[in-house]
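The next block holds one structure in the form of structure tokens; read it before the comments.
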Amino acid sequence: MPRSGDNLSSSAEALAKTLFFVVGCQKSGTSWLQLMLDAHPQAICRGEYKLMHVLIPLMQEVVKCWGNHITIPDVSEDGDDFLSEAETTGLVRAAAGLLFAKWAGGQLDQIQAIGEKTPEHALTLPLLDKVFPGCRVIHIIRDGRDGIVSGRYHNLRENEEKFRQNFPNNADYARYFAEHHWVKYITLARDWGRAHSDRYLEVHYEALLSDPRPMAGRMLDFLGLDSSEASIETCLAASSFDAVTGGREHGDTDSTSHFRKGIAGDWVGELSEDEVRAFEEIAGWLMAELGYTSSFEFARSNQGIAD
């Protein structure tokens with residue numbers, strides 16, 4: 001059994017690696033990126049450990065409860081509380097370091113970068129940066145209309161009755177997804193990225209799907225990892241649609257799978273006009289900013305209509 005000193009040493013060693021986080025609105029391809037980067041021999045990427053919005057609040061509650069049970073008065077010279085916010089954050093960092101070291105399974109000396117994928121971390125990047133100073137962030141963005149399709153099928157798989165109760169009208173879900181997920185996640189992550197451009201990399205799902213090698217190489221360079229053709233091929237092979245689905249090709253649908261179809265533009269045949277309109281009324285401005293064509297422009301271009 002490893003000694004406590006060994007554990008603390010491993011935690012410190014893990015925290016000294018290049019730390020990175022994969023974020024993005026749900027159903028945007030974060031799991032795909034996680035698998036891709038985890039396949040690199042110099043990296044580890046796991047998920048979803050929800051460090052910021054679950055572990056930190058729980059640790060704060062534990063520390064508060066612990067302090068309330070201390071019967072001897074605080075005798076510290078500076079008169080601080082039992083444990084300060086910074087010290088509580090330090091506990092979270094140390095706990096994460098132990099977790100990161102455990103992921104390495106005794107091979108920590110061979111690892112250069114350690115990553116974690118939790119979509120919701122897009123909402124808490126300032127706090128994430130506070131706990132892990134200097135961390136890097138890879139933000140994947142996908143056309144929100146495809147996100148609606150993927151999210152709807154996901155929710156139907158998980159609990160169809162509850163989903164139907166919450167969203168009896170499909171347009172209601174499109175509106176909810178736009179406001180509470182797509183716009184919110186993307187704008188908050190991009191705000192942080194603008195302030196930390198040297199540690200932020202934006203990846204578009206569609207570009208990665210159509211021409212993965214250049215973007216994969218860019219991600220590896222961003223993390224300081226070997227980006228040779230051999231390493232890129234290793235990452236892409238491990239995360240290919242064929243590999244993660246047990247042999248299906250892109251476009252071969254399995255609505256019971258987390259990786260349902262693996263294509264871009266699925267929304268065209270899946271969403272009603274009401275759903276698209278509901279989404280674009282809220283998210284149209286961000287679509288334009290990101291270069292996504294509105295449904296009106298999409299229809300015109302496919303019909304060969306010129307301005």
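Within each chain, counting starts at residue 1; across the structure tokens, chains are named A, B, ... in the order shown, with ligands numbered 1 upward in that order.
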Exercise: Glu270 (chain A) partners within 12 Å, only C-alpha atoms, chain neighbours under 2 positions left out, as a compact mmCIF listing (two decimals) with all heavy atoms, in the first residue's frame:
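Okay, this is what ended up in out.txt:
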# COMPACT_ATOMS: atom_id res chain seq x y z
N ARG A 145 -28.27 23.80 -33.79
CA ARG A 145 -29.44 23.08 -34.31
C ARG A 145 -29.17 21.57 -34.31
O ARG A 145 -30.07 20.78 -34.00
CB ARG A 145 -29.77 23.60 -35.71
CG ARG A 145 -30.26 25.05 -35.70
CD ARG A 145 -30.22 25.71 -37.05
NE ARG A 145 -28.84 25.82 -37.57
CZ ARG A 145 -28.50 26.50 -38.65
NH1 ARG A 145 -29.45 27.13 -39.35
NH2 ARG A 145 -27.24 26.56 -39.05
N ASP A 146 -27.94 21.18 -34.63
CA ASP A 146 -27.58 19.77 -34.49
C ASP A 146 -27.54 19.37 -33.02
O ASP A 146 -27.85 18.23 -32.66
CB ASP A 146 -26.22 19.50 -35.13
CG ASP A 146 -26.31 19.29 -36.64
OD1 ASP A 146 -27.40 18.93 -37.13
OD2 ASP A 146 -25.29 19.48 -37.34
N GLY A 147 -27.17 20.32 -32.16
CA GLY A 147 -27.18 20.05 -30.73
C GLY A 147 -28.57 19.76 -30.21
O GLY A 147 -28.76 18.90 -29.35
N ILE A 148 -29.56 20.46 -30.75
CA ILE A 148 -30.95 20.20 -30.36
C ILE A 148 -31.34 18.76 -30.70
O ILE A 148 -31.93 18.05 -29.89
CB ILE A 148 -31.91 21.17 -31.08
CG1 ILE A 148 -31.69 22.59 -30.58
CG2 ILE A 148 -33.37 20.76 -30.86
CD1 ILE A 148 -32.42 23.63 -31.40
N VAL A 149 -31.00 18.34 -31.92
CA VAL A 149 -31.35 16.98 -32.36
C VAL A 149 -30.69 15.95 -31.45
O VAL A 149 -31.34 15.03 -30.94
CB VAL A 149 -30.91 16.76 -33.82
CG1 VAL A 149 -31.17 15.31 -34.23
CG2 VAL A 149 -31.63 17.71 -34.75
N SER A 150 -29.39 16.12 -31.22
CA SER A 150 -28.66 15.17 -30.39
C SER A 150 -29.18 15.19 -28.95
O SER A 150 -29.35 14.13 -28.32
CB SER A 150 -27.16 15.51 -30.41
OG SER A 150 -26.42 14.57 -29.70
N ARG A 152 -32.18 16.07 -27.90
CA ARG A 152 -33.52 15.51 -27.83
C ARG A 152 -33.48 13.99 -27.78
O ARG A 152 -34.14 13.37 -26.94
CB ARG A 152 -34.35 15.97 -29.03
CG ARG A 152 -35.81 15.55 -28.96
CD ARG A 152 -36.59 16.16 -30.12
NE ARG A 152 -36.13 15.65 -31.42
CZ ARG A 152 -36.42 16.21 -32.58
NH1 ARG A 152 -37.15 17.31 -32.62
NH2 ARG A 152 -35.98 15.69 -33.72
N TYR A 153 -32.68 13.37 -28.67
CA TYR A 153 -32.58 11.91 -28.65
C TYR A 153 -31.95 11.41 -27.35
O TYR A 153 -32.35 10.37 -26.82
CB TYR A 153 -31.76 11.43 -29.85
CG TYR A 153 -32.56 11.33 -31.13
CD1 TYR A 153 -32.41 12.26 -32.16
CD2 TYR A 153 -33.50 10.31 -31.31
CE1 TYR A 153 -33.16 12.17 -33.33
CE2 TYR A 153 -34.25 10.21 -32.47
CZ TYR A 153 -34.07 11.15 -33.47
OH TYR A 153 -34.83 11.06 -34.62
N ASN A 170 -41.94 20.46 -29.11
CA ASN A 170 -40.54 20.40 -29.50
C ASN A 170 -39.90 21.77 -29.60
O ASN A 170 -38.71 21.95 -29.33
CB ASN A 170 -40.38 19.66 -30.83
CG ASN A 170 -40.53 18.16 -30.68
OD1 ASN A 170 -40.43 17.63 -29.58
ND2 ASN A 170 -40.78 17.47 -31.78
N ALA A 264 -22.69 16.17 -39.56
CA ALA A 264 -23.07 17.57 -39.40
C ALA A 264 -24.26 17.86 -40.31
O ALA A 264 -24.38 17.28 -41.39
CB ALA A 264 -21.90 18.48 -39.74
N GLY A 265 -25.14 18.76 -39.88
CA GLY A 265 -26.29 19.14 -40.70
C GLY A 265 -27.49 18.23 -40.56
O GLY A 265 -28.44 18.33 -41.35
N ASP A 266 -27.49 17.38 -39.55
CA ASP A 266 -28.61 16.46 -39.35
C ASP A 266 -29.91 17.21 -39.07
O ASP A 266 -31.01 16.70 -39.32
CB ASP A 266 -28.29 15.50 -38.20
CG ASP A 266 -29.20 14.30 -38.13
OD1 ASP A 266 -29.70 13.88 -39.19
OD2 ASP A 266 -29.40 13.77 -37.03
N TRP A 267 -29.79 18.43 -38.57
CA TRP A 267 -30.97 19.21 -38.21
C TRP A 267 -31.90 19.47 -39.40
O TRP A 267 -33.11 19.63 -39.22
CB TRP A 267 -30.55 20.55 -37.59
CG TRP A 267 -29.85 21.49 -38.55
CD1 TRP A 267 -28.52 21.56 -38.78
CD2 TRP A 267 -30.46 22.48 -39.39
NE1 TRP A 267 -28.23 22.53 -39.71
CE2 TRP A 267 -29.41 23.12 -40.10
CE3 TRP A 267 -31.77 22.89 -39.60
CZ2 TRP A 267 -29.64 24.14 -41.01
CZ3 TRP A 267 -32.01 23.92 -40.51
CH2 TRP A 267 -30.95 24.53 -41.20
N VAL A 268 -31.32 19.50 -40.61
CA VAL A 268 -32.12 19.83 -41.80
C VAL A 268 -33.29 18.88 -41.96
O VAL A 268 -34.40 19.29 -42.29
CB VAL A 268 -31.23 19.84 -43.05
CG1 VAL A 268 -32.07 20.08 -44.30
CG2 VAL A 268 -30.13 20.88 -42.93
N SER A 272 -38.37 20.73 -37.20
CA SER A 272 -39.47 21.41 -37.86
C SER A 272 -39.13 22.90 -38.01
O SER A 272 -38.20 23.41 -37.38
CB SER A 272 -40.75 21.27 -37.04
OG SER A 272 -40.63 21.99 -35.82
N GLU A 273 -39.90 23.59 -38.84
CA GLU A 273 -39.70 25.03 -38.99
C GLU A 273 -39.88 25.76 -37.67
O GLU A 273 -39.15 26.72 -37.37
CB GLU A 273 -40.67 25.58 -40.04
CG GLU A 273 -40.37 25.15 -41.47
CD GLU A 273 -41.30 25.83 -42.47
OE1 GLU A 273 -41.99 26.80 -42.06
OE2 GLU A 273 -41.33 25.39 -43.63
N ASP A 274 -40.83 25.32 -36.87
CA ASP A 274 -41.08 25.96 -35.58
C ASP A 274 -39.87 25.80 -34.65
O ASP A 274 -39.51 26.74 -33.92
CB ASP A 274 -42.31 25.35 -34.91
CG ASP A 274 -43.61 25.80 -35.56
OD1 ASP A 274 -43.57 26.78 -36.33
OD2 ASP A 274 -44.65 25.16 -35.31
N GLU A 275 -39.26 24.62 -34.67
CA GLU A 275 -38.09 24.40 -33.82
C GLU A 275 -36.92 25.28 -34.25
O GLU A 275 -36.24 25.89 -33.42
CB GLU A 275 -37.67 22.92 -33.89
CG GLU A 275 -38.62 21.97 -33.19
CD GLU A 275 -38.24 20.52 -33.42
OE1 GLU A 275 -38.61 19.96 -34.47
OE2 GLU A 275 -37.54 19.96 -32.55
N VAL A 276 -36.67 25.32 -35.54
CA VAL A 276 -35.56 26.12 -36.05
C VAL A 276 -35.80 27.59 -35.75
O VAL A 276 -34.89 28.31 -35.31
CB VAL A 276 -35.38 25.90 -37.57
CG1 VAL A 276 -34.32 26.84 -38.12
CG2 VAL A 276 -34.99 24.45 -37.86
- prompt: Which residues come within 12 Å of Leu19 (chain A), counting only C-alpha atoms, excluding same-chain residues fewer than 5 positions away, as a PyMOL selection string?
  reply: chain A and resi 13-14+43-46+93+96-97+100+111-117+128-129+131-138+199+222-224
- request: Could you give me, as a PyMOL selection string, the residues within 10 Å of Asn7 (chain A), counting only C-alpha atoms and dropping anything in the same chain fewer than 5 positions from it?
  value: chain A and resi 2+12-13+97-98+101-102
task: Return the single residue from A:Pro126, A:Gly217, A:Pro41, A:Gly29 that is closest to Ala104 (chain A), with distances computed using only C-alpha atoms.
output: A:Pro41
message: For a quick check of understanding, using only C-alpha atoms, which of A:Leu236, A:Leu125, A:Val23, A:Ala278 has the smallest distance to Asp211 (chain A)?
response: A:Leu236
message: Nearest residue to Gly144 (chain A) out of A:Trp32, A:Tyr292, A:Phe20, A:Trp192, using only C-alpha atoms?
response: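 For Gly144 (chain A), the nearest of the given residues is A:Tyr292.
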field: Shell of 12 Å around Gln165 (chain A), only C-alpha atoms, local chain residues under 6 positions omitted, as a list of chain:residue names
entry: A:Asn155, A:Leu156, A:Asn159, A:Asp172, A:Tyr173
